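**Student:** entry.tsv is the file, holding TSV, C-alpha atoms:
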chain	number	residue	atom	x	y	z
Q	1	MET	CA	41.31	66.16	111.52
Q	2	LEU	CA	42.61	63.91	108.74
Q	3	GLU	CA	46.04	63.77	110.36
Q	4	GLU	CA	44.40	62.66	113.61
Q	5	LEU	CA	42.39	60.05	111.73
Q	6	PHE	CA	45.58	58.72	110.11
Q	7	GLY	CA	47.10	58.23	113.57
Q	8	LYS	CA	44.03	56.51	114.98
Q	9	ILE	CA	43.92	53.98	112.14
Q	10	VAL	CA	47.64	53.20	112.45
Q	11	ASP	CA	47.18	52.83	116.23
Q	12	MET	CA	44.27	50.40	115.67
Q	13	ASP	CA	41.71	52.63	117.39
Q	14	GLU	CA	38.65	51.24	115.64
Q	15	GLU	CA	35.97	53.14	117.55
Q	16	GLY	CA	37.89	56.43	117.44
Q	17	SER	CA	38.68	56.07	113.72
Q	18	ILE	CA	35.07	55.49	112.69
Q	19	LYS	CA	33.77	58.29	114.93
Q	20	LEU	CA	36.30	60.79	113.57
Q	21	ALA	CA	35.68	59.76	109.94
Q	22	LYS	CA	31.95	60.36	110.39
Q	23	GLU	CA	32.61	63.73	112.04
Q	24	TYR	CA	34.88	64.74	109.16
Q	25	LEU	CA	32.30	63.85	106.52
Q	26	GLY	CA	29.52	65.42	108.59
Q	27	SER	CA	31.39	68.71	108.61
Q	28	GLY	CA	31.53	68.73	104.80
Q	29	GLY	CA	34.83	66.88	104.38
Q	30	ASP	CA	35.98	65.42	101.05
Q	31	ALA	CA	35.18	61.70	100.75
Q	32	GLN	CA	38.01	61.13	98.27
Q	33	LYS	CA	40.60	62.70	100.60
Q	34	LEU	CA	39.26	60.60	103.47
Q	35	LEU	CA	39.77	57.38	101.51
Q	36	GLU	CA	43.26	58.48	100.49
Q	37	VAL	CA	44.18	59.02	104.17
Q	38	CYS	CA	42.82	55.55	104.93
Q	39	ARG	CA	44.95	54.12	102.13
Q	40	ASP	CA	48.07	55.88	103.44
Q	41	ALA	CA	47.40	54.60	106.95
Q	42	MET	CA	46.95	51.06	105.66
Q	43	ALA	CA	50.24	51.33	103.76
Q	44	VAL	CA	51.96	52.14	107.07
Q	45	ILE	CA	50.24	49.16	108.69
Q	46	GLY	CA	51.49	47.02	105.79
Q	47	ASP	CA	55.03	48.30	106.37
Q	48	LYS	CA	54.81	47.48	110.07
Q	49	PHE	CA	53.59	44.00	109.19
Q	50	GLU	CA	56.51	43.41	106.82
Q	51	LYS	CA	58.96	44.60	109.51
Q	52	GLY	CA	57.45	42.29	112.10
Q	53	GLU	CA	56.14	45.18	114.22
Q	54	TYR	CA	52.53	44.20	113.51
Q	55	PHE	CA	51.11	40.71	113.08
Q	56	LEU	CA	48.31	39.18	111.03
Q	57	SER	CA	45.73	40.10	113.68
Q	58	GLU	CA	46.63	43.80	113.32
Q	59	LEU	CA	46.54	43.50	109.53
Q	60	ILE	CA	43.04	42.03	109.70
Q	61	LEU	CA	41.83	44.62	112.23
Q	62	GLY	CA	43.20	47.41	110.03
Q	63	GLY	CA	41.24	45.98	107.12
Q	64	GLU	CA	38.07	45.85	109.24
Q	65	ILE	CA	38.49	49.48	110.29
Q	66	PHE	CA	38.94	50.51	106.69
Q	67	GLY	CA	36.01	48.38	105.54
Q	68	ASN	CA	33.72	50.01	108.09
Q	69	ILE	CA	34.78	53.50	107.02
Q	70	MET	CA	34.35	52.58	103.34
Q	71	GLU	CA	30.74	51.51	103.93
Q	72	PHE	CA	29.59	55.06	104.59
Q	73	THR	CA	32.22	56.88	102.51
Q	74	VAL	CA	32.13	55.16	99.12
Q	75	PRO	CA	28.48	56.04	98.37
Q	76	LEU	CA	29.45	59.70	98.61
Q	77	ILE	CA	31.81	59.44	95.61
Q	78	LYS	CA	29.46	57.43	93.42
Q	79	GLU	CA	28.23	59.35	90.42
Q	80	GLY	CA	25.06	57.38	89.90
Q	81	ASP	CA	24.34	56.63	86.28
Q	82	ALA	CA	27.70	57.63	84.86
Q	83	GLN	CA	28.41	56.74	81.25
Q	84	LYS	CA	29.87	53.24	81.02
Q	85	LEU	CA	33.47	53.56	79.88
Q	86	GLY	CA	34.47	49.89	79.79
Q	87	LYS	CA	34.86	46.72	81.81
Q	88	MET	CA	37.65	45.85	84.25
Q	89	VAL	CA	38.77	42.72	86.04
Q	90	ILE	CA	40.69	43.55	89.23
Q	91	GLY	CA	42.37	41.52	91.94
Q	92	THR	CA	45.23	41.42	94.42
Q	93	VAL	CA	47.90	39.06	93.11
Q	94	LYS	CA	49.02	35.70	94.48
Q	95	GLY	CA	50.88	35.91	97.78
Q	96	ASP	CA	49.22	39.15	98.92
Q	97	ILE	CA	46.07	39.29	101.07
Q	98	HIS	CA	45.70	43.09	101.07
Q	99	ASN	CA	42.39	44.40	99.76
Q	100	ILE	CA	42.66	48.03	100.86
Q	101	GLY	CA	44.15	49.67	97.77
Q	102	LYS	CA	42.13	47.41	95.50
Q	103	ASP	CA	38.87	48.32	97.19
Q	104	ILE	CA	39.57	52.07	97.07
Q	105	PHE	CA	40.52	51.82	93.39
Q	106	LYS	CA	37.38	49.79	92.69
Q	107	ALA	CA	35.22	52.48	94.27
Q	108	PHE	CA	36.88	55.22	92.23
Q	109	VAL	CA	36.72	53.48	88.85
Q	110	GLU	CA	33.11	52.44	89.40
Q	111	ALA	CA	32.28	56.06	90.21
Q	112	ALA	CA	34.02	57.06	86.98
Q	113	GLY	CA	31.80	54.73	84.95
Q	114	PHE	CA	33.66	51.42	84.67
Q	115	GLU	CA	31.99	48.07	85.21
Q	116	VAL	CA	34.25	46.19	87.65
Q	117	VAL	CA	34.61	42.46	88.27
Q	118	ASP	CA	36.53	41.99	91.54
Q	119	ILE	CA	38.13	38.54	91.80
Q	120	GLY	CA	39.49	39.05	95.31
Q	121	VAL	CA	42.88	38.74	96.99
Q	122	ASP	CA	45.75	36.21	96.80
Q	123	VAL	CA	44.61	35.46	93.23
Q	124	PRO	CA	46.70	32.89	91.31
Q	125	GLU	CA	47.71	33.55	87.71
Q	126	GLU	CA	45.26	30.99	86.32
Q	127	ASN	CA	42.33	32.72	88.02
Q	128	PHE	CA	43.18	35.98	86.25
Q	129	VAL	CA	43.32	34.05	82.98
Q	130	GLU	CA	39.93	32.42	83.61
Q	131	ALA	CA	38.37	35.76	84.59
Q	132	VAL	CA	39.61	37.41	81.38
Q	133	LYS	CA	38.24	34.53	79.31
Q	134	GLU	CA	34.88	34.71	81.07
Q	135	HIS	CA	34.32	38.45	81.36
Q	136	LYS	CA	36.26	39.78	78.35
Q	137	PRO	CA	37.38	43.01	80.05
Q	138	ASP	CA	39.03	46.00	78.43
Q	139	ILE	CA	41.45	46.40	81.34
Q	140	VAL	CA	42.96	44.11	83.97
Q	141	GLY	CA	44.00	45.75	87.24
Q	142	MET	CA	46.47	44.04	89.56
Q	143	SER	CA	47.30	45.20	93.08
Q	144	CYS	CA	50.08	44.36	95.52
Q	145	LEU	CA	51.20	45.98	98.76
Q	146	ILE	CA	54.13	43.68	99.52
Q	147	THR	CA	57.35	42.99	97.64
Q	148	ALA	CA	56.47	39.33	97.08
Q	149	GLY	CA	53.60	40.41	94.84
Q	150	ILE	CA	55.90	41.89	92.20
Q	151	SER	CA	56.92	38.49	90.81
Q	152	SER	CA	53.27	37.41	90.88
Q	153	MET	CA	52.40	40.39	88.68
Q	154	LYS	CA	55.04	39.38	86.13
Q	155	ASN	CA	53.88	35.75	86.24
Q	156	THR	CA	50.26	36.81	85.70
Q	157	VAL	CA	51.16	38.90	82.64
Q	158	GLU	CA	53.15	35.93	81.28
Q	159	ALA	CA	50.19	33.62	81.89
Q	160	LEU	CA	47.89	35.96	79.97
Q	161	LYS	CA	50.42	35.99	77.11
Q	162	GLU	CA	50.61	32.20	77.06
Q	163	ALA	CA	46.81	32.01	76.93
Q	164	GLY	CA	46.80	34.35	73.92
Q	165	LEU	CA	44.87	37.02	75.82
Q	166	ARG	CA	47.48	39.72	76.37
Q	167	ASP	CA	47.04	41.62	73.10
Q	168	GLY	CA	43.32	42.15	73.64
Q	169	ILE	CA	43.58	43.92	76.99
Q	170	LYS	CA	45.35	46.73	78.81
Q	171	ILE	CA	47.00	46.02	82.16
Q	172	ILE	CA	47.39	48.51	85.00
Q	173	ILE	CA	49.18	47.71	88.26
Q	174	GLY	CA	49.04	49.51	91.58
Q	175	GLY	CA	50.01	49.34	95.23
Q	176	GLY	CA	52.63	50.37	97.71
Q	177	ARG	CA	55.52	48.56	96.00
Q	178	VAL	CA	54.72	49.57	92.43
Q	179	ASP	CA	56.67	52.07	90.31
Q	180	GLU	CA	57.92	52.53	86.75
Q	181	GLU	CA	60.61	49.88	87.24
Q	182	VAL	CA	58.04	47.32	88.38
Q	183	LYS	CA	55.83	48.22	85.42
Q	184	GLN	CA	58.71	47.47	83.05
Q	185	PHE	CA	59.61	44.27	84.91
Q	186	SER	CA	56.06	42.93	84.93
Q	187	GLY	CA	55.16	43.93	81.38
Q	188	ALA	CA	52.13	46.04	82.39
Q	189	ASP	CA	50.89	49.02	80.36
Q	190	ALA	CA	50.56	51.50	83.24
Q	191	TRP	CA	51.06	51.90	86.98
Q	192	ALA	CA	49.51	54.12	89.63
Q	193	ASP	CA	50.20	54.80	93.29
Q	194	ASP	CA	46.85	56.41	94.05
Q	195	ALA	CA	43.27	55.78	92.98
Q	196	ALA	CA	42.63	59.11	91.29
Q	197	LYS	CA	45.71	58.72	89.09
Q	198	GLY	CA	44.65	55.15	88.35
Q	199	VAL	CA	41.26	56.30	87.06
Q	200	ARG	CA	42.89	58.90	84.80
Q	201	LEU	CA	45.29	56.30	83.39
Q	202	CYS	CA	42.49	53.81	82.76
Q	203	ARG	CA	40.64	56.45	80.77
Q	204	GLU	CA	43.81	57.18	78.81
Q	205	LEU	CA	44.42	53.46	78.13
Q	206	LEU	CA	41.00	53.27	76.47
Q	207	GLY	CA	41.44	56.58	74.64
Q	208	VAL	CA	38.69	58.33	76.61
Q	209	LYS	CA	39.06	62.10	76.50
Q	210	GLY	CA	38.67	64.42	79.46
Transcribe the structure of this file into structure tokens.

**Tutor:**
Amino acid sequence: MLEELFGKIVDMDEEGSIKLAKEYLGSGGDAQKLLEVCRDAMAVIGDKFEKGEYFLSELILGGEIFGNIMEFTVPLIKEGDAQKLGKMVIGTVKGDIHNIGKDIFKAFVEAAGFEVVDIGVDVPEENFVEAVKEHKPDIVGMSCLITAGISSMKNTVEALKEAGLRDGIKIIIGGGRVDEEVKQFSGADAWADDAAKGVRLCRELLGVKG
């Protein structure tokens, strides 16, 4: 069923995708696995967009499909009054309008007990700096799904350094173009290519056991 759902999202079948997602959850399916399939499908849509096979309209429709599925899926992974582990500022970096991975990650870390301040997509370096000054987070999370976002991640880390804020925070990056090499290039503390791994790393960055 999840494989079929993956295909429907990639094929832009909004009605079919939502119907199948509800059927899957109604039959006792795993909400976390469902969101991961949505993320994988959106990564494929992002690839098609970069190759010129899909256009901005498809990118936006894909985001709408995912948003609709998230509405009834995310509450199922919330843990209610979980112990507060820390505060995070998250955003998709300058040059990238994707919110899919960021939104999944946000849902997972909130369920794990983090307070999250989401500053949106296509976020310039100075906005990250202002958000860190205002909210004083323990962790900053940056997302990018396209290659152009890699330089923006590096520039954002540099801007935080210049503002004298880098030493007081941990930085985790994520998204379809992120790996160990990008982590080293950008100057981040950790990287993750899926939400569950990202939560585990955030706990580790703050020295939270278990």

**Student:** Need the neighbours of (35.6, 42.7, 80.5): which residues are at most 6 Å away, counting all atoms listed in the file, as a list in words?

**Tutor:**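 Residues found, by chain and rising number: Lys87, Met88, His135, Lys136, Pro137 and Asp138 of chain Q.
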
**Student:** How far is it from CA of Ile150 in chain Q to CA of Val93 in chain Q, in Å with one decimal?

**Tutor:**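 Here the two named atoms are 8.5 Å from each other.
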
**Student:** Which one is closest to Gly95 in chain Q: Q:Gly113, Q:Pro75, Q:Gly149, Q:Gly207? Count only C-alpha atoms.

**Tutor:** Q:Gly149

**Student:** Which is closest to Gly86 in chain Q among Q:Glu180, Q:Glu110, Q:Asp47, Q:Glu15, if we use only C-alpha atoms?

**Tutor:**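 For Gly86 in chain Q, the nearest of the given residues is Q:Glu110.
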
**Student:** Given the point (42.8, 50.8, 96.5) in the file's coordinates, find the residues that have an atom at most 8 Å from it, counting all atoms listed in the file, and give them as a ChimeraX atom specification.

**Tutor:** /Q:39,99-106,143,175,194-195

**Student:** CA of Ala111 in chain Q and CA of Ser17 in chain Q, how far apart in Å?

**Tutor:**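 For CA of Ser17 in chain Q relative to CA of Ala111 in chain Q, the distance reads 24.4 Å.
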
**Student:** Work out how far CA of Glu125 in chain Q is from CA of Gly176 in chain Q, in Å to one decimal.

**Tutor:**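 Straight-line distance from CA of Gly176 in chain Q to CA of Glu125 in chain Q works out to 20.2 Å.
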
**Student:** Contacts of Leu20 in chain Q at 10 Å or less, counting all atoms listed in the file, minus same-chain residues fewer than 6 places along, as a list in words?

**Tutor:**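 Here the answer would be Met1, Leu2, Glu4, Leu5, Lys8, Gly26 and Ile69 of chain Q.
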
**Student:** Pick from Q:Ala107, Q:Leu160, Q:Ala21, Q:Met153: nearest to Glu130 in chain Q, with all atoms listed in the file counted?

**Tutor:** Q:Leu160

**Student:** Closest to Ile172 in chain Q among Q:Gln32, Q:Asn127, Q:Gln184, Q:Asn68, using all atoms listed in the file?

**Tutor:**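 Counting all atoms listed in the file, the residue closest to Ile172 in chain Q is Q:Gln184.
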
**Student:** With distances taken over only C-alpha atoms, which of Q:Val74, Q:Val109, Q:Ile97, Q:Leu165 is nearest to Phe128 in chain Q?

**Tutor:**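 Of all the options, Q:Leu165 lies closest to Phe128 in chain Q.
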
**Student:** Would you list the contacts of Gly164 in chain Q as a short mmCIF file (atom, residue, chain, number, x, y, z; two decimals) with C-alpha atoms, in the frame of the given file, taking every protein, DNA or RNA residue within 12 Å and counting all atoms listed in the file, but skipping same-chain residues closer than 6 positions in sequence?

**Tutor:**
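The resulting result.cif:
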data_model
loop_
_atom_site.label_atom_id
_atom_site.label_comp_id
_atom_site.auth_asym_id
_atom_site.auth_seq_id
_atom_site.Cartn_x
_atom_site.Cartn_y
_atom_site.Cartn_z
CA VAL Q 129 43.32 34.05 82.98
CA VAL Q 132 39.61 37.41 81.38
CA LYS Q 133 38.24 34.53 79.31
CA VAL Q 157 51.16 38.90 82.64
CA GLU Q 158 53.15 35.93 81.28
#

**Student:** Give me, as a list in words, all polymer residues having an atom no more than 12 Å from Glu181 in chain Q, counting all atoms listed in the file and skipping those fewer than 6 positions away in the same chain.

**Tutor:**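 Here the qualifying residues turn out to be Ile150, Lys154, Ile173, Gly187, Ala188, Asp189, Ala190 and Trp191 of chain Q.
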
**Student:** Of the residues Q:Gly91, Q:Gly16, Q:Gly28, Q:Gly63, which is the one nearest to Ala43 in chain Q, using all atoms listed in the file?

**Tutor:** Q:Gly63

**Student:** Quick one: residues within 7 Å of Ala192 in chain Q, all atoms listed in the file counted, chain neighbours fewer than 3 positions away excluded, as a VMD selection string?

**Tutor:** chain Q and resid 173 to 174 197 to 198

**Student:** So which residues touch Val10 in chain Q within 12 Å, counting only C-alpha atoms, skipping near sequence neighbours fewer than 3 positions away, as an MDAnalysis selection string?

**Tutor:** chainID Q and resid 3:7 13:14 16:17 37:49 53:54 58:59 61:63 65:66

**Student:** Print the selection's residues with C-alpha atoms to a file, as a PDB file, in the frame of the given file.

**Tutor:**
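Output contents, as saved in out-v4.pdb:
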ATOM      1  CA  GLU Q   3      46.040  63.770 110.360  1.00  0.00           C
ATOM      2  CA  GLU Q   4      44.400  62.660 113.610  1.00  0.00           C
ATOM      3  CA  LEU Q   5      42.390  60.050 111.730  1.00  0.00           C
ATOM      4  CA  PHE Q   6      45.580  58.720 110.110  1.00  0.00           C
ATOM      5  CA  GLY Q   7      47.100  58.230 113.570  1.00  0.00           C
ATOM      6  CA  ASP Q  13      41.710  52.630 117.390  1.00  0.00           C
ATOM      7  CA  GLU Q  14      38.650  51.240 115.640  1.00  0.00           C
ATOM      8  CA  GLY Q  16      37.890  56.430 117.440  1.00  0.00           C
ATOM      9  CA  SER Q  17      38.680  56.070 113.720  1.00  0.00           C
ATOM     10  CA  VAL Q  37      44.180  59.020 104.170  1.00  0.00           C
ATOM     11  CA  CYS Q  38      42.820  55.550 104.930  1.00  0.00           C
ATOM     12  CA  ARG Q  39      44.950  54.120 102.130  1.00  0.00           C
ATOM     13  CA  ASP Q  40      48.070  55.880 103.440  1.00  0.00           C
ATOM     14  CA  ALA Q  41      47.400  54.600 106.950  1.00  0.00           C
ATOM     15  CA  MET Q  42      46.950  51.060 105.660  1.00  0.00           C
ATOM     16  CA  ALA Q  43      50.240  51.330 103.760  1.00  0.00           C
ATOM     17  CA  VAL Q  44      51.960  52.140 107.070  1.00  0.00           C
ATOM     18  CA  ILE Q  45      50.240  49.160 108.690  1.00  0.00           C
ATOM     19  CA  GLY Q  46      51.490  47.020 105.790  1.00  0.00           C
ATOM     20  CA  ASP Q  47      55.030  48.300 106.370  1.00  0.00           C
ATOM     21  CA  LYS Q  48      54.810  47.480 110.070  1.00  0.00           C
ATOM     22  CA  PHE Q  49      53.590  44.000 109.190  1.00  0.00           C
ATOM     23  CA  GLU Q  53      56.140  45.180 114.220  1.00  0.00           C
ATOM     24  CA  TYR Q  54      52.530  44.200 113.510  1.00  0.00           C
ATOM     25  CA  GLU Q  58      46.630  43.800 113.320  1.00  0.00           C
ATOM     26  CA  LEU Q  59      46.540  43.500 109.530  1.00  0.00           C
ATOM     27  CA  LEU Q  61      41.830  44.620 112.230  1.00  0.00           C
ATOM     28  CA  GLY Q  62      43.200  47.410 110.030  1.00  0.00           C
ATOM     29  CA  GLY Q  63      41.240  45.980 107.120  1.00  0.00           C
ATOM     30  CA  ILE Q  65      38.490  49.480 110.290  1.00  0.00           C
ATOM     31  CA  PHE Q  66      38.940  50.510 106.690  1.00  0.00           C
TER      32      PHE Q  66
END
